[in-house]
$ cat work35.cif   # mmCIF, N, CA, C and O atoms
data_upload
loop_
_atom_site.label_atom_id
_atom_site.label_comp_id
_atom_site.auth_asym_id
_atom_site.auth_seq_id
_atom_site.Cartn_x
_atom_site.Cartn_y
_atom_site.Cartn_z
N MET A 633 42.66 13.95 6.07
CA MET A 633 41.78 14.76 5.26
C MET A 633 41.16 13.91 4.15
O MET A 633 39.98 14.00 3.90
N LEU A 634 41.97 13.10 3.47
CA LEU A 634 41.47 12.26 2.39
C LEU A 634 40.45 11.25 2.91
O LEU A 634 39.42 11.02 2.27
N ASN A 635 40.72 10.64 4.08
CA ASN A 635 39.77 9.69 4.67
C ASN A 635 38.46 10.38 5.03
O ASN A 635 37.39 9.81 4.87
N THR A 636 38.52 11.59 5.53
CA THR A 636 37.32 12.35 5.88
C THR A 636 36.49 12.61 4.64
O THR A 636 35.27 12.47 4.66
N MET A 637 37.14 12.96 3.53
CA MET A 637 36.42 13.21 2.28
C MET A 637 35.75 11.93 1.77
O MET A 637 34.62 11.97 1.30
N LYS A 638 36.44 10.79 1.91
CA LYS A 638 35.86 9.51 1.48
C LYS A 638 34.61 9.20 2.29
O LYS A 638 33.60 8.75 1.75
N VAL A 639 34.67 9.44 3.59
CA VAL A 639 33.52 9.18 4.45
C VAL A 639 32.36 10.08 4.08
O VAL A 639 31.21 9.65 3.98
N LEU A 640 32.63 11.36 3.84
CA LEU A 640 31.58 12.30 3.47
C LEU A 640 30.96 11.93 2.13
O LEU A 640 29.74 11.98 1.96
N ILE A 641 31.78 11.54 1.18
CA ILE A 641 31.26 11.13 -0.13
C ILE A 641 30.41 9.87 0.00
O ILE A 641 29.31 9.78 -0.54
N ALA A 642 30.89 8.90 0.75
CA ALA A 642 30.15 7.66 0.96
C ALA A 642 28.84 7.94 1.70
O ALA A 642 27.79 7.39 1.35
N SER A 643 28.86 8.81 2.69
CA SER A 643 27.65 9.17 3.43
C SER A 643 26.64 9.85 2.52
O SER A 643 25.45 9.56 2.56
N GLY A 644 27.12 10.74 1.68
CA GLY A 644 26.23 11.42 0.74
C GLY A 644 25.60 10.46 -0.24
O GLY A 644 24.42 10.55 -0.56
N ALA A 645 26.37 9.50 -0.71
CA ALA A 645 25.83 8.50 -1.64
C ALA A 645 24.77 7.65 -0.95
O ALA A 645 23.74 7.33 -1.53
N ALA A 646 25.02 7.29 0.30
CA ALA A 646 24.07 6.47 1.04
C ALA A 646 22.77 7.24 1.26
O ALA A 646 21.67 6.69 1.12
N ILE A 647 22.86 8.52 1.58
CA ILE A 647 21.67 9.33 1.78
C ILE A 647 20.90 9.45 0.47
O ILE A 647 19.68 9.34 0.45
N THR A 648 21.59 9.64 -0.63
CA THR A 648 20.93 9.73 -1.93
C THR A 648 20.20 8.44 -2.26
O THR A 648 19.06 8.45 -2.71
N ILE A 649 20.82 7.31 -2.01
CA ILE A 649 20.20 6.01 -2.27
C ILE A 649 18.97 5.82 -1.39
O ILE A 649 17.92 5.43 -1.86
N LEU A 650 19.08 6.13 -0.11
CA LEU A 650 17.96 5.97 0.80
C LEU A 650 16.81 6.89 0.45
O LEU A 650 15.64 6.54 0.60
N ALA A 651 17.10 8.08 -0.03
CA ALA A 651 16.06 9.03 -0.38
C ALA A 651 15.25 8.58 -1.59
O ALA A 651 14.11 8.99 -1.76
N THR A 652 15.82 7.73 -2.43
CA THR A 652 15.11 7.30 -3.63
C THR A 652 14.31 6.02 -3.43
O THR A 652 13.52 5.65 -4.27
N VAL A 653 14.48 5.35 -2.30
CA VAL A 653 13.74 4.13 -2.00
C VAL A 653 12.39 4.52 -1.41
O VAL A 653 12.33 5.29 -0.45
N PRO A 654 11.26 4.04 -1.96
CA PRO A 654 9.95 4.41 -1.43
C PRO A 654 9.73 3.83 -0.04
O PRO A 654 10.26 2.78 0.30
N ALA A 655 8.94 4.53 0.75
CA ALA A 655 8.61 4.06 2.09
C ALA A 655 7.79 2.78 1.97
O ALA A 655 6.89 2.69 1.15
N MET A 656 8.11 1.79 2.75
CA MET A 656 7.43 0.51 2.65
C MET A 656 6.33 0.35 3.71
O MET A 656 5.62 -0.64 3.70
N ALA A 657 6.19 1.30 4.61
CA ALA A 657 5.18 1.19 5.65
C ALA A 657 3.81 1.53 5.10
O ALA A 657 3.68 2.30 4.16
N TYR A 658 2.78 0.95 5.67
CA TYR A 658 1.41 1.24 5.32
C TYR A 658 0.58 1.22 6.59
O TYR A 658 0.97 0.62 7.60
N THR A 659 -0.54 1.88 6.58
CA THR A 659 -1.41 1.92 7.74
C THR A 659 -1.89 0.52 8.08
O THR A 659 -2.31 -0.22 7.19
N GLY A 660 -1.79 0.15 9.35
CA GLY A 660 -2.24 -1.17 9.79
C GLY A 660 -1.19 -2.24 9.69
O GLY A 660 -1.48 -3.42 9.86
N GLN A 661 0.05 -1.85 9.45
CA GLN A 661 1.12 -2.83 9.27
C GLN A 661 1.27 -3.74 10.50
O GLN A 661 1.70 -4.88 10.37
N GLU A 662 0.85 -3.26 11.66
CA GLU A 662 0.95 -4.08 12.88
C GLU A 662 0.05 -5.31 12.82
O GLU A 662 0.22 -6.26 13.58
N LEU A 663 -0.91 -5.33 11.89
CA LEU A 663 -1.80 -6.49 11.72
C LEU A 663 -1.26 -7.51 10.73
O LEU A 663 -1.85 -8.57 10.54
N ALA A 664 -0.15 -7.20 10.08
CA ALA A 664 0.38 -8.03 8.99
C ALA A 664 0.66 -9.47 9.43
O ALA A 664 0.51 -10.40 8.63
N ASN A 665 1.03 -9.69 10.68
CA ASN A 665 1.32 -11.05 11.13
C ASN A 665 0.06 -11.93 11.18
O ASN A 665 0.15 -13.14 11.25
N GLN A 666 -1.12 -11.31 11.09
CA GLN A 666 -2.38 -12.06 11.08
C GLN A 666 -2.84 -12.41 9.65
O GLN A 666 -3.75 -13.19 9.47
N ALA A 667 -2.21 -11.80 8.66
CA ALA A 667 -2.63 -11.97 7.27
C ALA A 667 -1.93 -13.16 6.62
O ALA A 667 -0.74 -13.37 6.81
N LYS A 668 -2.68 -13.92 5.84
CA LYS A 668 -2.09 -15.01 5.05
C LYS A 668 -1.59 -14.49 3.70
O LYS A 668 -0.69 -15.06 3.12
N VAL A 669 -2.21 -13.41 3.21
CA VAL A 669 -1.82 -12.78 1.95
C VAL A 669 -0.94 -11.57 2.28
O VAL A 669 -1.34 -10.73 3.09
N GLY A 670 0.23 -11.51 1.70
CA GLY A 670 1.14 -10.40 1.95
C GLY A 670 0.72 -9.15 1.19
O GLY A 670 -0.05 -9.20 0.22
N ILE A 671 1.25 -8.01 1.61
CA ILE A 671 0.90 -6.73 1.00
C ILE A 671 1.24 -6.69 -0.49
O ILE A 671 0.47 -6.17 -1.30
N SER A 672 2.37 -7.25 -0.90
CA SER A 672 2.74 -7.19 -2.32
C SER A 672 1.77 -8.02 -3.17
O SER A 672 1.39 -7.60 -4.27
N ASP A 673 1.34 -9.18 -2.67
CA ASP A 673 0.36 -9.98 -3.40
C ASP A 673 -0.99 -9.27 -3.43
O ASP A 673 -1.69 -9.29 -4.45
N ALA A 674 -1.37 -8.66 -2.32
CA ALA A 674 -2.64 -7.93 -2.26
C ALA A 674 -2.63 -6.75 -3.23
O ALA A 674 -3.64 -6.48 -3.89
N ARG A 675 -1.50 -6.06 -3.34
CA ARG A 675 -1.38 -4.96 -4.31
C ARG A 675 -1.63 -5.47 -5.73
O ARG A 675 -2.35 -4.85 -6.51
N ALA A 676 -1.00 -6.59 -6.07
CA ALA A 676 -1.14 -7.16 -7.41
C ALA A 676 -2.59 -7.54 -7.69
O ALA A 676 -3.10 -7.30 -8.79
N ILE A 677 -3.26 -8.11 -6.71
CA ILE A 677 -4.67 -8.50 -6.87
C ILE A 677 -5.52 -7.25 -7.08
O ILE A 677 -6.38 -7.21 -7.96
N ALA A 678 -5.28 -6.23 -6.28
CA ALA A 678 -6.06 -4.99 -6.38
C ALA A 678 -5.83 -4.31 -7.74
O ALA A 678 -6.79 -3.84 -8.37
N LEU A 679 -4.59 -4.29 -8.20
CA LEU A 679 -4.29 -3.64 -9.48
C LEU A 679 -4.83 -4.44 -10.66
O LEU A 679 -5.13 -3.87 -11.71
N LYS A 680 -4.98 -5.73 -10.49
CA LYS A 680 -5.60 -6.54 -11.55
C LYS A 680 -7.10 -6.22 -11.61
O LYS A 680 -7.69 -6.15 -12.69
N ALA A 681 -7.71 -6.00 -10.44
CA ALA A 681 -9.13 -5.66 -10.39
C ALA A 681 -9.39 -4.26 -10.93
O ALA A 681 -10.43 -4.01 -11.55
N HIS A 682 -8.47 -3.34 -10.69
CA HIS A 682 -8.61 -1.96 -11.17
C HIS A 682 -7.23 -1.38 -11.42
O HIS A 682 -6.59 -0.87 -10.48
N PRO A 683 -6.72 -1.47 -12.63
CA PRO A 683 -5.39 -0.93 -12.94
C PRO A 683 -5.33 0.58 -12.70
O PRO A 683 -6.32 1.28 -12.89
N GLY A 684 -4.19 1.05 -12.28
CA GLY A 684 -3.97 2.47 -12.02
C GLY A 684 -2.80 2.64 -11.08
O GLY A 684 -1.92 1.78 -10.99
N LYS A 685 -2.81 3.74 -10.33
CA LYS A 685 -1.74 4.03 -9.37
C LYS A 685 -2.32 4.00 -7.97
O LYS A 685 -3.29 4.70 -7.66
N ILE A 686 -1.71 3.19 -7.10
CA ILE A 686 -2.15 3.12 -5.72
C ILE A 686 -1.74 4.41 -5.02
O ILE A 686 -0.56 4.77 -5.01
N THR A 687 -2.73 5.11 -4.44
CA THR A 687 -2.45 6.36 -3.74
C THR A 687 -2.55 6.22 -2.23
O THR A 687 -2.05 7.06 -1.50
N ASP A 688 -3.19 5.15 -1.78
CA ASP A 688 -3.31 4.91 -0.33
C ASP A 688 -3.54 3.43 -0.12
O ASP A 688 -4.21 2.78 -0.94
N GLU A 689 -3.00 2.90 0.96
CA GLU A 689 -3.20 1.49 1.27
C GLU A 689 -3.19 1.28 2.76
O GLU A 689 -2.49 1.98 3.49
N GLU A 690 -4.03 0.34 3.21
CA GLU A 690 -4.07 0.03 4.63
C GLU A 690 -4.55 -1.40 4.83
O GLU A 690 -5.19 -1.99 3.97
N LEU A 691 -4.21 -1.92 5.98
CA LEU A 691 -4.68 -3.23 6.42
C LEU A 691 -5.54 -2.96 7.64
O LEU A 691 -5.10 -2.27 8.57
N GLU A 692 -6.77 -3.46 7.62
CA GLU A 692 -7.70 -3.10 8.68
C GLU A 692 -8.65 -4.24 9.01
O GLU A 692 -8.90 -5.11 8.18
N ASN A 693 -9.17 -4.20 10.23
CA ASN A 693 -10.24 -5.09 10.62
C ASN A 693 -11.53 -4.42 10.17
O ASN A 693 -11.81 -3.29 10.52
N GLU A 694 -12.29 -5.12 9.33
CA GLU A 694 -13.53 -4.56 8.80
C GLU A 694 -14.48 -5.70 8.48
O GLU A 694 -14.06 -6.79 8.11
N LYS A 695 -15.77 -5.44 8.63
CA LYS A 695 -16.79 -6.45 8.35
C LYS A 695 -16.69 -6.94 6.91
O LYS A 695 -16.30 -6.20 6.02
N GLY A 696 -17.07 -8.18 6.72
CA GLY A 696 -17.05 -8.79 5.39
C GLY A 696 -15.83 -9.67 5.23
O GLY A 696 -14.77 -9.40 5.78
N GLY A 697 -15.99 -10.75 4.49
CA GLY A 697 -14.87 -11.67 4.29
C GLY A 697 -14.41 -12.24 5.61
O GLY A 697 -15.20 -12.55 6.49
N SER A 698 -13.11 -12.35 5.76
CA SER A 698 -12.53 -12.91 6.98
C SER A 698 -12.49 -11.89 8.12
O SER A 698 -12.19 -12.23 9.25
N GLY A 699 -12.77 -10.64 7.80
CA GLY A 699 -12.72 -9.58 8.82
C GLY A 699 -11.41 -8.82 8.80
O GLY A 699 -11.27 -7.80 9.47
N LEU A 700 -10.45 -9.28 8.04
CA LEU A 700 -9.16 -8.59 7.90
C LEU A 700 -8.95 -8.33 6.42
O LEU A 700 -8.95 -9.25 5.62
N ARG A 701 -8.83 -7.04 6.06
CA ARG A 701 -8.72 -6.72 4.64
C ARG A 701 -7.73 -5.61 4.37
O ARG A 701 -7.49 -4.75 5.20
N TYR A 702 -7.15 -5.71 3.18
CA TYR A 702 -6.36 -4.62 2.65
C TYR A 702 -7.32 -3.72 1.90
O TYR A 702 -8.21 -4.21 1.20
N SER A 703 -7.15 -2.44 2.05
CA SER A 703 -7.96 -1.48 1.33
C SER A 703 -7.03 -0.58 0.54
O SER A 703 -6.08 0.00 1.10
N PHE A 704 -7.26 -0.46 -0.74
CA PHE A 704 -6.41 0.33 -1.63
C PHE A 704 -7.25 1.40 -2.32
O PHE A 704 -8.36 1.11 -2.80
N ASP A 705 -6.73 2.60 -2.38
CA ASP A 705 -7.28 3.64 -3.24
C ASP A 705 -6.42 3.64 -4.49
O ASP A 705 -5.20 3.80 -4.40
N ILE A 706 -7.05 3.43 -5.63
CA ILE A 706 -6.32 3.34 -6.89
C ILE A 706 -6.85 4.42 -7.83
O ILE A 706 -8.05 4.44 -8.15
N LYS A 707 -5.95 5.28 -8.26
CA LYS A 707 -6.34 6.39 -9.13
C LYS A 707 -5.99 6.06 -10.58
O LYS A 707 -4.90 5.61 -10.87
N ARG A 708 -6.98 6.31 -11.44
CA ARG A 708 -6.77 6.17 -12.87
C ARG A 708 -7.51 7.35 -13.50
O ARG A 708 -8.73 7.43 -13.42
N GLY A 709 -6.75 8.26 -14.08
CA GLY A 709 -7.34 9.49 -14.60
C GLY A 709 -7.87 10.31 -13.45
O GLY A 709 -7.20 10.51 -12.44
N ALA A 710 -9.11 10.77 -13.56
CA ALA A 710 -9.72 11.59 -12.51
C ALA A 710 -10.50 10.74 -11.51
O ALA A 710 -11.06 11.26 -10.55
N VAL A 711 -10.54 9.43 -11.73
CA VAL A 711 -11.35 8.54 -10.90
C VAL A 711 -10.47 7.82 -9.89
O VAL A 711 -9.42 7.28 -10.23
N THR A 712 -10.94 7.80 -8.64
CA THR A 712 -10.28 7.00 -7.60
C THR A 712 -11.22 5.87 -7.22
O THR A 712 -12.39 6.11 -6.89
N GLN A 713 -10.71 4.67 -7.28
CA GLN A 713 -11.47 3.46 -6.99
C GLN A 713 -10.97 2.89 -5.67
O GLN A 713 -9.76 2.89 -5.41
N GLU A 714 -11.89 2.41 -4.84
CA GLU A 714 -11.49 1.72 -3.62
C GLU A 714 -11.62 0.22 -3.87
O GLU A 714 -12.68 -0.26 -4.26
N VAL A 715 -10.52 -0.49 -3.66
CA VAL A 715 -10.51 -1.93 -3.87
C VAL A 715 -10.11 -2.58 -2.54
O VAL A 715 -9.07 -2.26 -1.96
N GLY A 716 -10.96 -3.49 -2.07
CA GLY A 716 -10.70 -4.22 -0.84
C GLY A 716 -10.33 -5.66 -1.16
O GLY A 716 -11.01 -6.31 -1.96
N VAL A 717 -9.26 -6.15 -0.54
CA VAL A 717 -8.79 -7.51 -0.76
C VAL A 717 -8.73 -8.23 0.58
O VAL A 717 -8.10 -7.73 1.53
N ASP A 718 -9.39 -9.37 0.66
CA ASP A 718 -9.37 -10.16 1.90
C ASP A 718 -7.94 -10.60 2.20
O ASP A 718 -7.27 -11.19 1.34
N ALA A 719 -7.47 -10.31 3.40
CA ALA A 719 -6.09 -10.60 3.78
C ALA A 719 -5.85 -12.07 4.09
O ALA A 719 -4.70 -12.49 4.25
N GLN A 720 -6.92 -12.86 4.15
CA GLN A 720 -6.77 -14.29 4.40
C GLN A 720 -6.88 -15.12 3.12
O GLN A 720 -6.21 -16.12 2.97
N THR A 721 -7.76 -14.68 2.20
CA THR A 721 -8.04 -15.48 1.01
C THR A 721 -7.56 -14.85 -0.30
O THR A 721 -7.45 -15.55 -1.30
N GLY A 722 -7.36 -13.54 -0.30
CA GLY A 722 -6.97 -12.85 -1.53
C GLY A 722 -8.15 -12.49 -2.41
O GLY A 722 -7.99 -11.95 -3.50
N LYS A 723 -9.36 -12.77 -1.95
CA LYS A 723 -10.57 -12.48 -2.72
C LYS A 723 -10.83 -10.96 -2.72
O LYS A 723 -10.68 -10.30 -1.70
N VAL A 724 -11.25 -10.44 -3.88
CA VAL A 724 -11.64 -9.02 -3.97
C VAL A 724 -13.01 -8.88 -3.32
O VAL A 724 -13.98 -9.50 -3.75
N LEU A 725 -13.08 -8.09 -2.25
CA LEU A 725 -14.32 -7.90 -1.51
C LEU A 725 -15.05 -6.63 -1.92
O LEU A 725 -16.26 -6.50 -1.68
N GLU A 726 -14.32 -5.69 -2.47
CA GLU A 726 -14.90 -4.39 -2.82
C GLU A 726 -14.14 -3.84 -4.01
O GLU A 726 -12.93 -3.96 -4.10
N ASN A 727 -14.88 -3.23 -4.92
CA ASN A 727 -14.27 -2.60 -6.08
C ASN A 727 -15.26 -1.54 -6.56
O ASN A 727 -16.09 -1.79 -7.41
N LYS A 728 -15.18 -0.36 -5.92
CA LYS A 728 -16.15 0.68 -6.23
C LYS A 728 -15.49 2.05 -6.26
O LYS A 728 -14.44 2.26 -5.66
N ARG A 729 -16.14 2.94 -6.96
CA ARG A 729 -15.64 4.31 -7.06
C ARG A 729 -15.68 4.96 -5.69
O ARG A 729 -16.65 4.81 -4.94
N GLU A 730 -14.60 5.64 -5.34
CA GLU A 730 -14.52 6.34 -4.05
C GLU A 730 -15.52 7.47 -4.05
O GLU A 730 -15.62 8.23 -5.02
N GLY A 731 -16.30 7.59 -3.00
CA GLY A 731 -17.33 8.62 -2.90
C GLY A 731 -16.76 9.98 -2.52
O GLY A 731 -15.55 10.18 -2.42
N ARG A 732 -17.66 10.92 -2.30
CA ARG A 732 -17.26 12.29 -1.92
C ARG A 732 -16.52 12.34 -0.59
O ARG A 732 -15.72 13.20 -0.37
N HIS A 733 -16.88 11.43 0.30
CA HIS A 733 -16.28 11.41 1.63
C HIS A 733 -15.52 10.12 1.83
O HIS A 733 -16.04 9.15 2.36
N PRO A 734 -14.24 10.10 1.39
CA PRO A 734 -13.45 8.86 1.50
C PRO A 734 -13.25 8.43 2.94
O PRO A 734 -13.30 9.24 3.85
N ASP A 735 -13.06 7.14 3.12
CA ASP A 735 -12.82 6.57 4.46
C ASP A 735 -11.61 7.19 5.10
O ASP A 735 -10.63 7.48 4.54
#

$ encode --input "work35.cif" --output "structure tokens"
Amino acid sequence: MLNTMKVLIASGAAITILATVPAMAYTGQELANQAKVGISDARAIALKAHPGKITDEELENEKGGSGLRYSFDIKRGAVTQEVGVDAQTGKVLENKREGRHPD
């Protein structure tokens, strides 16, 4: 009985810990092996270009730059900005207010 309680307590603690860790997946993650710039570096570049809270992120093949880019929606106040970062060079390719019809 005591061993069963220890297992249940340990399992509950593990579930609590896992529930507090944010999901690390992002759209387009299957393209990550083609990128020279990692997602964490791309996030930092995007947030330097437009500070705020990232609400959406993806890695996608898109025209411009090397053709592979991270795209971040960054919210600050009532404004959402779309910031694109080249996944090969780290260059900011786009930094504009998100329109009425987001991608």

$ atom_distance --input "work35.cif" --atom1 "atom O of Arg708 of chain A" --atom2 "atom O of Gly722 of chain A"
21.8 Å

$ resolve_selection --input "work35.cif" --expression "the PyMOL selection byres (((chain A and resi 660-677 and name CA) around 12) and name CA)" --output "number ranges by chain"
A: 656-659, 678-694, 698-706, 715-727

$ atom_distance --input "work35.cif" --atom1 "atom CA of Glu714 of chain A" --atom2 "atom C of Gly697 of chain A"
17.0 Å

$ select_by_dssp --input "work35.cif" --residues "segment 652-715 of chain A" --states "helix (DSSP H, G or I)" --output "VMD selection string"
chain A and resid 652 661 to 666 671 to 681

$ resolve_selection --input "work35.cif" --expression "the PyMOL selection byres ((chain A and resi 729) around 7)" --output "ChimeraX atom specification"
/A:711-714,727-728,730-732

$ atom_distance --input "work35.cif" --atom1 "atom CA of Lys707 of chain A" --atom2 "atom O of Lys695 of chain A"
22.1 Å

$ build_atoms --input "work35.cif" --residues "segment 680-691 of chain A" --atoms "all heavy atoms" --output "tab-separated table (two decimals), in the frame of the given file"
chain	number	residue	atom	x	y	z
A	680	LYS	N	-4.98	-5.73	-10.49
A	680	LYS	CA	-5.60	-6.54	-11.55
A	680	LYS	C	-7.10	-6.22	-11.61
A	680	LYS	O	-7.69	-6.15	-12.69
A	680	LYS	CB	-5.38	-8.03	-11.27
A	680	LYS	CG	-5.90	-8.93	-12.36
A	680	LYS	CD	-5.53	-10.37	-12.11
A	680	LYS	CE	-6.04	-11.24	-13.26
A	680	LYS	NZ	-5.79	-12.64	-13.02
A	681	ALA	N	-7.71	-6.00	-10.44
A	681	ALA	CA	-9.13	-5.66	-10.39
A	681	ALA	C	-9.39	-4.26	-10.93
A	681	ALA	O	-10.43	-4.01	-11.55
A	681	ALA	CB	-9.64	-5.77	-8.95
A	682	HIS	N	-8.47	-3.34	-10.69
A	682	HIS	CA	-8.61	-1.96	-11.17
A	682	HIS	C	-7.23	-1.38	-11.42
A	682	HIS	O	-6.59	-0.87	-10.48
A	682	HIS	CB	-9.38	-1.10	-10.17
A	682	HIS	CG	-9.67	0.26	-10.68
A	682	HIS	ND1	-10.72	0.52	-11.51
A	682	HIS	CD2	-9.03	1.44	-10.52
A	682	HIS	CE1	-10.73	1.80	-11.82
A	682	HIS	NE2	-9.71	2.38	-11.23
A	683	PRO	N	-6.72	-1.47	-12.63
A	683	PRO	CA	-5.39	-0.93	-12.94
A	683	PRO	C	-5.33	0.58	-12.70
A	683	PRO	O	-6.32	1.28	-12.89
A	683	PRO	CB	-5.22	-1.25	-14.42
A	683	PRO	CG	-6.18	-2.36	-14.70
A	683	PRO	CD	-7.33	-2.12	-13.78
A	684	GLY	N	-4.19	1.05	-12.28
A	684	GLY	CA	-3.97	2.47	-12.02
A	684	GLY	C	-2.80	2.64	-11.08
A	684	GLY	O	-1.92	1.78	-10.99
A	685	LYS	N	-2.81	3.74	-10.33
A	685	LYS	CA	-1.74	4.03	-9.37
A	685	LYS	C	-2.32	4.00	-7.97
A	685	LYS	O	-3.29	4.70	-7.66
A	685	LYS	CB	-1.15	5.41	-9.66
A	685	LYS	CG	-0.06	5.79	-8.70
A	685	LYS	CD	0.51	7.15	-9.05
A	685	LYS	CE	1.45	7.64	-8.11
A	685	LYS	NZ	2.40	7.78	-7.50
A	686	ILE	N	-1.71	3.19	-7.10
A	686	ILE	CA	-2.15	3.12	-5.72
A	686	ILE	C	-1.74	4.41	-5.02
A	686	ILE	O	-0.56	4.77	-5.01
A	686	ILE	CB	-1.56	1.89	-5.00
A	686	ILE	CG1	-2.12	0.62	-5.62
A	686	ILE	CG2	-1.87	1.94	-3.49
A	686	ILE	CD1	-1.51	-0.67	-5.10
A	687	THR	N	-2.73	5.11	-4.44
A	687	THR	CA	-2.45	6.36	-3.74
A	687	THR	C	-2.55	6.22	-2.23
A	687	THR	O	-2.05	7.06	-1.50
A	687	THR	CB	-3.41	7.47	-4.21
A	687	THR	OG1	-4.76	7.06	-3.95
A	687	THR	CG2	-3.22	7.77	-5.68
A	688	ASP	N	-3.19	5.15	-1.78
A	688	ASP	CA	-3.31	4.91	-0.33
A	688	ASP	C	-3.54	3.43	-0.12
A	688	ASP	O	-4.21	2.78	-0.94
A	688	ASP	CB	-4.47	5.72	0.24
A	688	ASP	CG	-4.51	5.70	1.76
A	688	ASP	OD1	-3.43	5.76	2.39
A	688	ASP	OD2	-5.61	5.59	2.33
A	689	GLU	N	-3.00	2.90	0.96
A	689	GLU	CA	-3.20	1.49	1.27
A	689	GLU	C	-3.19	1.28	2.76
A	689	GLU	O	-2.49	1.98	3.49
A	689	GLU	CB	-2.13	0.63	0.59
A	689	GLU	CG	-0.72	0.97	0.95
A	689	GLU	CD	0.31	0.25	0.10
A	689	GLU	OE1	-0.03	-0.37	-0.92
A	689	GLU	OE2	1.49	0.31	0.45
A	690	GLU	N	-4.03	0.34	3.21
A	690	GLU	CA	-4.07	0.03	4.63
A	690	GLU	C	-4.55	-1.40	4.83
A	690	GLU	O	-5.19	-1.99	3.97
A	690	GLU	CB	-4.97	1.01	5.38
A	690	GLU	CG	-6.42	0.96	5.00
A	690	GLU	CD	-7.26	2.00	5.73
A	690	GLU	OE1	-7.07	2.22	6.94
A	690	GLU	OE2	-8.12	2.61	5.07
A	691	LEU	N	-4.21	-1.92	5.98
A	691	LEU	CA	-4.68	-3.23	6.42
A	691	LEU	C	-5.54	-2.96	7.64
A	691	LEU	O	-5.10	-2.27	8.57
A	691	LEU	CB	-3.48	-4.13	6.76
A	691	LEU	CG	-3.80	-5.53	7.28
A	691	LEU	CD1	-4.64	-6.32	6.28
A	691	LEU	CD2	-2.51	-6.28	7.59
